[in-house]
Amino acid sequence: MGPSDQEAAEQRVREAVRRHGRARAFTEAEDVISAVLSDPGVQEARERVEAAETEMGAELGARLQPFQDCYDQAVAEGDADGLAGLCAGKHGRWGRICVLPDGHETSMEDPHWGRNSEGRPIAWAGSAPDDW
């Protein structure tokens with residue numbers, strides 16, 4: 001085995017160790033996240049947040065429903081321009097898309113608002129990417 005063959009073999013070993021270390025770190029992180037999320041106190045807090053978001057969504061619904069109607073119409077018509085002016089705030093993984101205009105957080109001082117995956121009005125603070 002020549003020097004270049006030995007270097008290549010050592011590189012493969014380093015890469016395998018790096019992949020194994022990364023996979024182990026992800027597994028350990030998932031275990032910790034699962035343990036935290038299954039904690040009764042965390043579950044209770046999540047339920048209280050969801051209840052507050054649902055209540056606030058219903059309270060704002062009468063005033064903000066026209067935005068949902070415009071969103072629904074833009075989706076039905078495939079109106080890309082109409083959809084492009086919407087807030088980027090979403091929690092796609094949870095079926096939430098904010099239907100308010102872009103910049104509403106500063107100009108209207110409203111939280112994100114739309115419908116949840118069950119079709120109920122919901123309001124929320126913050127955002128997360130679809131693949132989060």
# chains A, B, ... in the order shown; residues from 1 in each chain; ligands from 1
$ select_by_dssp --residues "stretch 29-108 of chain A" --states "alpha helix (DSSP H)" --output "PyMOL selection string"
chain A and resi 29-38+40-77+80-84+104-107
$ residues_around --residues "A:Arg96" --least-positions-apart "4" --cutoff "9 Å" --atoms "only C-alpha atoms" --output "PyMOL selection string"
chain A and resi 89-92+113-117+122
$ write_last_selection --atoms "N, CA and C atoms" --output "short mmCIF file (atom, residue, chain, number, x, y, z; two decimals), in the first residue's frame"
data_model
loop_
_atom_site.label_atom_id
_atom_site.label_comp_id
_atom_site.auth_asym_id
_atom_site.auth_seq_id
_atom_site.Cartn_x
_atom_site.Cartn_y
_atom_site.Cartn_z
N GLY A 89 -45.00 34.67 7.28
CA GLY A 89 -45.13 33.93 8.54
C GLY A 89 -45.99 32.71 8.36
N LYS A 90 -45.44 31.57 8.72
CA LYS A 90 -46.21 30.34 8.61
C LYS A 90 -45.64 29.28 9.52
N HIS A 91 -46.46 28.34 9.77
CA HIS A 91 -46.07 27.12 10.45
C HIS A 91 -46.65 26.02 9.58
N GLY A 92 -46.06 25.85 8.40
CA GLY A 92 -46.59 24.90 7.43
C GLY A 92 -46.72 23.50 7.96
N TRP A 113 -52.23 35.48 11.55
CA TRP A 113 -53.61 34.99 11.65
C TRP A 113 -53.95 34.18 10.41
N GLY A 114 -54.67 33.12 10.62
CA GLY A 114 -55.13 32.27 9.52
C GLY A 114 -55.99 31.16 10.08
N ARG A 115 -55.91 30.01 9.47
CA ARG A 115 -56.68 28.86 9.94
C ARG A 115 -55.72 27.71 10.23
N ASN A 116 -56.07 26.90 11.22
CA ASN A 116 -55.23 25.75 11.51
C ASN A 116 -55.60 24.60 10.58
N SER A 117 -54.98 23.46 10.76
CA SER A 117 -55.20 22.34 9.85
C SER A 117 -56.63 21.81 9.93
N ILE A 122 -57.00 30.83 13.88
CA ILE A 122 -55.94 30.76 14.87
C ILE A 122 -55.01 31.95 14.69
#
$ select_by_dssp --residues "stretch 83-126 of chain A" --states "strand (DSSP E or B)" --output "ChimeraX atom specification"
/A:86,90-91,96-97,101,112-115,121-124
$ closest_residue --among "A:Ser38, A:Gln73, A:Gln68, A:Ser4" --to "A:Leu100" --atoms "only C-alpha atoms"
A:Gln68
$ closest_atom_pairs --of "stretch 69-112 of chain A" --to "stretch 39-55 of chain A" --cutoff "12 Å" --atoms "only C-alpha atoms" --output "CSV"
residue,atom,partner,partner_atom,distance
A:Trp94,CA,A:Glu50,CA,11.5
A:Arg96,CA,A:Glu53,CA,11.6
A:Pro111,CA,A:Glu53,CA,9.8
A:His112,CA,A:Glu53,CA,10.0
$ write_last_selection --atoms "N, CA and C atoms" --output "CSV table (one decimal), in the first residue's frame"
chain,number,residue,atom,x,y,z
A,94,TRP,N,-47.6,22.6,10.8
A,94,TRP,CA,-48.8,22.5,11.6
A,94,TRP,C,-50.0,23.0,10.8
A,96,ARG,N,-50.5,26.0,9.3
A,96,ARG,CA,-50.8,27.4,9.5
A,96,ARG,C,-50.1,28.2,8.4
A,111,PRO,N,-51.0,39.8,15.4
A,111,PRO,CA,-50.2,38.6,15.3
A,111,PRO,C,-50.5,38.0,14.0
A,112,HIS,N,-49.8,36.9,13.7
A,112,HIS,CA,-50.1,36.1,12.5
A,112,HIS,C,-51.5,35.6,12.6
$ atom_distance --atom1 "atom CA of A:Ser34" --atom2 "atom CA of A:Pro121"
28.5 Å
$ atom_distance --atom1 "atom CA of A:Arg24" --atom2 "atom CA of A:Gln11"
19.8 Å
$ atom_distance --atom1 "atom CA of A:Ala35" --atom2 "atom CA of A:Ala16"
28.6 Å
